[in-house]
file structure_7.csv (CSV, C-alpha atoms and all ligand atoms)
chain,number,residue,atom,x,y,z
A,1304,MET,CA,127.4,-55.5,23.1
A,1305,ALA,CA,123.7,-55.4,22.5
A,1306,TYR,CA,121.7,-52.3,22.7
A,1307,SER,CA,118.4,-51.5,21.0
A,1308,LYS,CA,118.3,-48.7,18.6
A,1309,PRO,CA,115.5,-46.2,19.1
A,1310,ALA,CA,112.6,-46.1,16.7
A,1311,ARG,CA,112.9,-43.6,13.8
A,1312,THR,CA,110.2,-41.2,15.2
A,1313,THR,CA,111.9,-41.2,18.6
A,1314,ARG,CA,115.2,-40.4,17.0
A,1315,ARG,CA,113.8,-37.5,15.1
A,1316,ARG,CA,112.1,-36.1,18.2
A,1317,THR,CA,115.3,-36.6,20.1
A,1318,ARG,CA,117.3,-34.7,17.5
A,1319,VAL,CA,115.1,-31.7,17.6
A,1320,ARG,CA,115.2,-31.7,21.4
A,1321,ARG,CA,119.0,-32.0,21.2
A,1322,ILE,CA,119.4,-29.0,19.0
A,1323,ARG,CA,117.3,-27.0,21.3
A,1324,VAL,CA,119.3,-28.1,24.3
A,1325,ALA,CA,122.5,-27.6,22.4
A,1326,GLY,CA,121.4,-24.0,21.8
A,1327,LEU,CA,120.7,-23.6,25.5
A,1328,LEU,CA,124.1,-25.1,26.3
A,1329,VAL,CA,125.9,-22.5,24.0
A,1330,VAL,CA,124.1,-19.7,25.9
A,1331,LEU,CA,125.1,-21.4,29.2
A,1332,ALA,CA,128.6,-21.8,28.1
A,1333,ALA,CA,128.8,-18.1,27.1
A,1334,ILE,CA,127.4,-17.1,30.5
A,1335,ALA,CA,129.8,-19.5,32.3
A,1336,THR,CA,132.7,-18.1,30.2
A,1337,ALA,CA,131.8,-14.5,30.9
A,1338,PHE,CA,131.3,-15.4,34.5
A,1339,GLY,CA,134.6,-17.2,34.6
A,1340,TYR,CA,136.5,-14.2,33.3
A,1341,GLN,CA,134.8,-11.9,35.7
A,1342,LEU,CA,135.7,-14.2,38.6
A,1343,LEU,CA,139.3,-14.9,37.4
A,1344,ALA,CA,140.4,-11.7,39.1
A,1345,SER,CA,138.5,-12.8,42.2
A,1346,THR,CA,139.0,-15.7,44.6
A,1347,SER,CA,139.4,-19.4,43.9
A,1348,SER,CA,136.2,-20.2,45.7
A,1349,THR,CA,134.2,-18.2,43.1
A,1350,ALA,CA,136.1,-20.0,40.4
A,1351,ALA,CA,134.7,-23.2,41.9
A,1352,SER,CA,131.2,-21.9,41.3
A,1353,ALA,CA,132.1,-21.4,37.6
A,1354,ILE,CA,133.1,-25.1,37.6
A,1355,ASP,CA,129.7,-25.9,39.1
A,1356,VAL,CA,128.0,-24.1,36.2
A,1357,LEU,CA,130.0,-26.1,33.7
A,1358,ARG,CA,129.4,-29.3,35.6
A,1359,ASP,CA,125.6,-28.8,35.6
A,1360,GLU,CA,125.9,-28.2,31.9
A,1361,HIS,CA,127.8,-31.4,31.5
A,1362,ARG,CA,125.1,-33.2,33.5
A,1363,GLY,CA,122.4,-31.8,31.2
A,1364,LEU,CA,124.4,-33.2,28.3
A,1365,ARG,CA,124.3,-36.6,30.0
A,1366,SER,CA,120.6,-36.7,30.7
A,1367,GLU,CA,120.0,-35.6,27.1
A,1368,HIS,CA,121.7,-38.8,26.0
A,1369,ARG,CA,119.5,-41.0,28.1
A,1370,GLY,CA,116.9,-40.9,25.4
A,1371,ALA,CA,119.4,-41.5,22.6
A,1372,LEU,CA,121.3,-44.4,23.9
A,1373,GLY,CA,119.5,-45.8,26.9
A,1374,GLU,CA,120.3,-47.7,30.1
A,1375,ALA,CA,121.9,-50.6,28.2
A,1376,ASP,CA,124.7,-48.2,27.2
A,1377,GLY,CA,125.1,-46.9,30.8
A,1378,ALA,CA,122.6,-44.1,31.0
A,1379,VAL,CA,121.5,-43.9,34.6
A,1380,PRO,CA,118.0,-42.9,35.7
A,1381,ASP,CA,117.5,-40.3,38.4
A,1382,GLY,CA,117.5,-41.8,41.9
A,1383,THR,CA,119.8,-44.7,41.1
A,1384,THR,CA,121.9,-45.9,44.0
A,1385,VAL,CA,125.0,-48.1,44.2
A,1386,PHE,CA,122.8,-51.0,45.2
A,1387,ASP,CA,120.8,-51.0,41.9
A,1388,ASP,CA,122.0,-54.3,40.4
A,1389,GLU,CA,119.4,-54.1,37.5
A,1390,ILE,CA,120.9,-50.9,36.1
A,1391,PRO,CA,123.8,-51.8,33.7
A,1392,GLY,CA,125.7,-48.5,34.6
A,1393,VAL,CA,125.9,-49.9,38.1
A,1394,ALA,CA,126.1,-53.6,37.6
A,1395,ASN,CA,128.9,-53.4,35.0
A,1396,LEU,CA,131.2,-51.5,37.4
A,1397,ASP,CA,134.4,-53.3,38.5
A,1398,PRO,CA,133.3,-55.6,41.4
A,1399,ASP,CA,136.0,-54.3,43.8
A,1400,LEU,CA,134.9,-50.7,43.1
A,1401,LEU,CA,131.3,-51.6,43.5
A,1402,GLY,CA,132.0,-53.5,46.8
A,1403,ALA,CA,133.9,-50.4,48.2
A,1404,LEU,CA,131.0,-48.1,47.2
A,1405,ARG,CA,128.5,-50.3,48.8
A,1406,GLN,CA,130.5,-50.6,52.0
A,1407,ALA,CA,130.9,-46.8,52.1
A,1408,ALA,CA,127.3,-46.2,51.3
A,1409,THR,CA,126.2,-48.5,54.1
A,1410,ASP,CA,128.3,-46.7,56.6
A,1411,ALA,CA,127.3,-43.2,55.2
A,1412,ALA,CA,123.7,-44.2,55.7
A,1413,HIS,CA,124.4,-44.3,59.5
A,1414,ASP,CA,125.3,-40.6,59.1
A,1415,GLY,CA,122.0,-40.0,57.2
A,1416,VAL,CA,123.9,-39.7,53.9
A,1417,GLU,CA,122.7,-41.4,50.7
A,1418,PHE,CA,124.8,-41.9,47.6
A,1419,PHE,CA,123.1,-41.4,44.2
A,1420,VAL,CA,124.9,-42.4,41.0
A,1421,ASP,CA,125.1,-39.8,38.2
A,1422,SER,CA,127.1,-42.1,35.9
A,1423,GLY,CA,129.0,-45.3,36.3
A,1424,TRP,CA,130.0,-47.8,33.6
A,1425,ARG,CA,129.4,-46.5,30.0
A,1426,SER,CA,129.5,-48.3,26.6
A,1427,PRO,CA,132.2,-47.0,24.2
A,1428,GLU,CA,129.3,-45.7,22.0
A,1429,TYR,CA,127.9,-43.7,24.9
A,1430,GLN,CA,131.4,-42.3,25.7
A,1431,ASP,CA,131.9,-41.4,22.0
A,1432,ARG,CA,128.7,-39.5,21.9
A,1433,LEU,CA,129.6,-37.6,25.1
A,1434,LEU,CA,133.0,-36.7,23.6
A,1435,HIS,CA,131.6,-35.5,20.3
A,1436,GLU,CA,129.0,-33.4,22.1
A,1437,ALA,CA,131.7,-32.0,24.4
A,1438,ILE,CA,133.9,-31.1,21.4
A,1439,SER,CA,131.0,-29.2,19.7
A,1440,GLU,CA,130.1,-27.6,23.0
A,1441,TYR,CA,133.6,-26.5,24.2
A,1442,GLY,CA,134.7,-25.6,20.7
A,1443,SER,CA,137.9,-27.7,20.6
A,1444,GLU,CA,139.2,-31.2,21.3
A,1445,GLU,CA,141.7,-29.7,23.8
A,1446,GLU,CA,139.1,-28.1,25.9
A,1447,ALA,CA,136.7,-31.0,25.7
A,1448,ALA,CA,139.5,-33.3,26.9
A,1449,ARG,CA,139.5,-31.5,30.2
A,1450,TRP,CA,136.1,-32.9,30.9
A,1451,VAL,CA,135.4,-36.0,28.7
A,1452,ALA,CA,137.8,-38.8,27.9
A,1453,THR,CA,137.8,-40.9,24.8
A,1454,ALA,CA,136.2,-44.4,24.7
A,1455,GLU,CA,139.8,-45.9,24.7
A,1456,THR,CA,140.9,-44.0,27.8
A,1457,SER,CA,137.8,-43.5,29.9
A,1458,ALA,CA,137.8,-45.2,33.2
A,1459,HIS,CA,134.0,-45.2,32.9
A,1460,VAL,CA,134.1,-47.4,29.9
A,1461,SER,CA,136.4,-49.9,31.7
A,1462,GLY,CA,134.0,-49.8,34.7
A,1463,ASP,CA,136.6,-48.3,37.0
A,1464,ALA,CA,135.0,-44.9,37.7
A,1465,VAL,CA,131.7,-43.6,39.2
A,1466,ASP,CA,130.3,-40.1,39.3
A,1467,ILE,CA,128.3,-39.5,42.5
A,1468,GLU,CA,125.6,-36.9,42.5
A,1469,ARG,CA,127.0,-33.8,44.2
A,1470,SER,CA,125.5,-33.5,47.7
A,1471,ASN,CA,126.5,-34.3,51.2
A,1472,ALA,CA,127.5,-37.7,49.7
A,1473,THR,CA,130.5,-36.2,47.8
A,1474,ALA,CA,131.4,-34.2,50.9
A,1475,TRP,CA,131.2,-37.4,53.0
A,1476,LEU,CA,133.4,-39.3,50.4
A,1477,SER,CA,136.0,-36.5,50.4
A,1478,GLU,CA,136.3,-36.9,54.1
A,1479,HIS,CA,135.9,-40.7,54.5
A,1480,GLY,CA,136.4,-42.2,51.0
A,1481,ALA,CA,140.1,-43.0,51.5
A,1482,TRP,CA,139.1,-45.5,54.3
A,1483,TYR,CA,137.4,-47.5,51.5
A,1484,GLY,CA,140.0,-46.8,48.8
A,1485,LEU,CA,137.6,-44.4,47.1
A,1486,CYS,CA,139.5,-41.4,45.8
A,1487,GLN,CA,138.8,-38.2,43.9
A,1488,ILE,CA,141.2,-38.3,41.0
A,1489,TYR,CA,140.8,-34.9,39.3
A,1490,GLY,CA,140.7,-31.5,41.0
A,1491,ASN,CA,138.1,-30.3,38.5
A,1492,GLU,CA,135.7,-33.3,39.1
A,1493,PRO,CA,134.7,-33.5,42.7
A,1494,TRP,CA,132.1,-36.1,41.8
A,1495,HIS,CA,134.4,-38.6,40.0
A,1496,PHE,CA,135.7,-41.4,42.2
A,1497,GLU,CA,137.9,-44.4,41.4
A,1498,LEU,CA,139.3,-47.2,43.6
A,1499,ARG,CA,142.8,-46.8,44.9
A,1500,PRO,CA,143.2,-49.8,47.4
A,1501,GLU,CA,146.5,-48.4,48.7
A,1502,ALA,CA,144.6,-45.3,49.9
A,1503,ILE,CA,143.3,-47.4,52.8
A,1504,ASP,CA,146.9,-47.5,54.2
A,1505,VAL,CA,148.5,-44.3,52.9
A,1506,GLY,CA,145.6,-42.0,51.9
A,1507,CYS,CA,144.5,-40.9,48.4
A,1508,PRO,CA,147.2,-39.9,45.9
A,1509,PRO,CA,147.6,-36.3,44.9
A,1510,MET,CA,144.9,-35.2,42.4
A,1511,TYR,CA,145.5,-34.3,38.8
A,1512,ALA,CA,144.3,-30.7,38.1
A,1513,ASP,CA,142.2,-32.2,35.3
A,1514,PRO,CA,142.2,-35.4,33.1
A,1515,THR,CA,144.7,-33.9,30.6
A,1516,HIS,CA,147.4,-34.2,33.3
A,1517,ASP,CA,146.6,-37.9,33.8
A,1518,PRO,CA,149.2,-40.1,32.0
A,1519,ARG,CA,146.4,-42.6,31.3
A,1520,MET,CA,144.7,-40.1,29.1
A,1521,GLN,CA,147.8,-39.6,26.8
B,1601,ZN,ZN,133.5,-39.4,35.9
call {"tool": "encode", "arguments": {"input": "structure_7.csv", "output": "structure tokens"}}
result
Amino acid sequence: MAYSKPARTTRRRTRVRRIRVAGLLVVLAAIATAFGYQLLASTSSTAASAIDVLRDEHRGLRSEHRGALGEADGAVPDGTTVFDDEIPGVANLDPDLLGALRQAATDAAHDGVEFFVDSGWRSPEYQDRLLHEAISEYGSEEEAARWVATAETSAHVSGDAVDIERSNATAWLSEHGAWYGLCQIYGNEPWHFELRPEAIDVGCPPMYADPTHDPRMQ
């Protein structure tokens, strides 16, 4: 797979920026953890907002990688839709998944809802980077595994998963996605959708709490 390596100066600048962002992420993680503990005794809806904090952090991590690896590895520019054929992160998705997404997005547009892609297909290199960043961020492989798969197991690397920007689009998909075979797979990732064609007849399968419960991840 061909992807162009960034120039030396760019790489150095990126590294400095990454260190700064990494520091910020540590602070965010500490806040999120403290927040999480505080809320543990509270309700499950507040626990969901702790997940949102972690998710935003995860997203920051992804955008940070845009500069390092680029669109050819699956980094997706802001505002990318499921119709953007020129973006490899979209174009390299499984054709059936992409077809279902486009059909759903077309129907959602009638409801005034637009789908934006946070992440789709990713190269193994891109997935490796995400995993290594997650391990240093979360402090252990076990915790990182709740959020980021390996290049060997990731459904993003095989082109079988898409992350939709959280908005009324993810709400629309959780209500109507099964009609198109588009299902949320993990309870902790309301943005991550995969194609389950049988869902059109019988509805989406029960979700795994997080990817560590998914036999495909073992
Ligand atoms: Zn995903």
call {"tool": "atom_distance", "arguments": {"input": "structure_7.csv", "atom1": "CA of His1459 (chain A)", "atom2": "CA of Leu1400 (chain A)"}}
result
11.6 Å
call {"tool": "residues_near_ligand", "arguments": {"input": "structure_7.csv", "ligand": "ligand ZN 1601 (chain B)", "cutoff": "6 Å", "atoms": "all atoms listed in the file", "output": "list of chain:residue names"}}
result
A:Ala1464, A:Val1465, A:Asp1466, A:His1495
call {"tool": "closest_residue", "arguments": {"input": "structure_7.csv", "among": "A:Thr1515, A:Thr1453, A:Gln1406, A:Gln1430", "to": "Trp1482 (chain A)", "atoms": "all atoms listed in the file"}}
result
A:Gln1406
call {"tool": "atom_distance", "arguments": {"input": "structure_7.csv", "atom1": "CA of Val1420 (chain A)", "atom2": "CA of Asp1381 (chain A)"}}
result
8.1 Å
call {"tool": "closest_residue", "arguments": {"input": "structure_7.csv", "among": "A:Ala1403, A:Phe1386, A:Asp1463, A:Ser1422", "to": "Ala1502 (chain A)", "atoms": "only C-alpha atoms"}}
result
A:Ala1403
call {"tool": "atom_distance", "arguments": {"input": "structure_7.csv", "atom1": "CA of Asp1414 (chain A)", "atom2": "CA of Ala1474 (chain A)"}}
result
12.1 Å
call {"tool": "residues_near_point", "arguments": {"input": "structure_7.csv", "point": "(121.7, -41.2, 42.8)", "cutoff": "7 Å", "atoms": "all atoms listed in the file", "output": "compact mmCIF listing (two decimals) with C-alpha atoms, keeping the file's coordinate frame"}}
result
# COMPACT_ATOMS: atom_id res chain seq x y z
CA ASP A 1381 117.50 -40.30 38.40
CA GLY A 1382 117.50 -41.80 41.90
CA THR A 1383 119.80 -44.70 41.10
CA THR A 1384 121.90 -45.90 44.00
CA PHE A 1418 124.80 -41.90 47.60
CA PHE A 1419 123.10 -41.40 44.20
CA VAL A 1420 124.90 -42.40 41.00
CA ASP A 1421 125.10 -39.80 38.20
CA ILE A 1467 128.30 -39.50 42.50
CA GLU A 1468 125.60 -36.90 42.50
call {"tool": "closest_residue", "arguments": {"input": "structure_7.csv", "among": "A:Leu1434, A:Ala1472, A:Val1416, A:Leu1485", "to": "Thr1456 (chain A)", "atoms": "all atoms listed in the file"}}
result
A:Leu1434
call {"tool": "residues_around", "arguments": {"input": "structure_7.csv", "residues": "Ala1481 (chain A)", "least_positions_apart": "6", "cutoff": "6 Å", "atoms": "all atoms listed in the file", "output": "ChimeraX atom specification"}}
result
/A:1502-1503,1506-1507
call {"tool": "write_last_selection", "arguments": {"input": "structure_7.csv", "atoms": "C-alpha atoms", "output": "PDB file, in the frame of the given file"}}
result
ATOM      1  CA  ALA A1502     144.600 -45.300  49.900  1.00  0.00           C
ATOM      2  CA  ILE A1503     143.300 -47.400  52.800  1.00  0.00           C
ATOM      3  CA  GLY A1506     145.600 -42.000  51.900  1.00  0.00           C
ATOM      4  CA  CYS A1507     144.500 -40.900  48.400  1.00  0.00           C
TER       5      CYS A1507
END
call {"tool": "closest_residue", "arguments": {"input": "structure_7.csv", "among": "A:Ala1394, A:Glu1436, A:Ala1411, A:Glu1497", "to": "Glu1478 (chain A)", "atoms": "all atoms listed in the file"}}
result
A:Ala1411
call {"tool": "closest_residue", "arguments": {"input": "structure_7.csv", "among": "A:Ala1452, A:Ala1447, A:Ile1390, A:Val1385", "to": "Arg1405 (chain A)", "atoms": "all atoms listed in the file"}}
result
A:Val1385
call {"tool": "residues_around", "arguments": {"input": "structure_7.csv", "residues": "Arg1425 (chain A)", "least_positions_apart": "6", "cutoff": "7 Å", "atoms": "all atoms listed in the file", "output": "PyMOL selection string"}}
result
chain A and resi 1376-1377+1392+1459-1460
call {"tool": "residues_near_point", "arguments": {"input": "structure_7.csv", "point": "(132.8, -35.6, 23.5)", "cutoff": "12 Å", "atoms": "all atoms listed in the file", "output": "NGL selection string"}}
result
:A and (1361 or 1364-1365 or 1368 or 1427-1454 or 1457)
call {"tool": "closest_residue", "arguments": {"input": "structure_7.csv", "among": "A:Leu1401, A:Tyr1489, A:Ala1375, A:Leu1476", "to": "Glu1389 (chain A)", "atoms": "all atoms listed in the file"}}
result
A:Ala1375
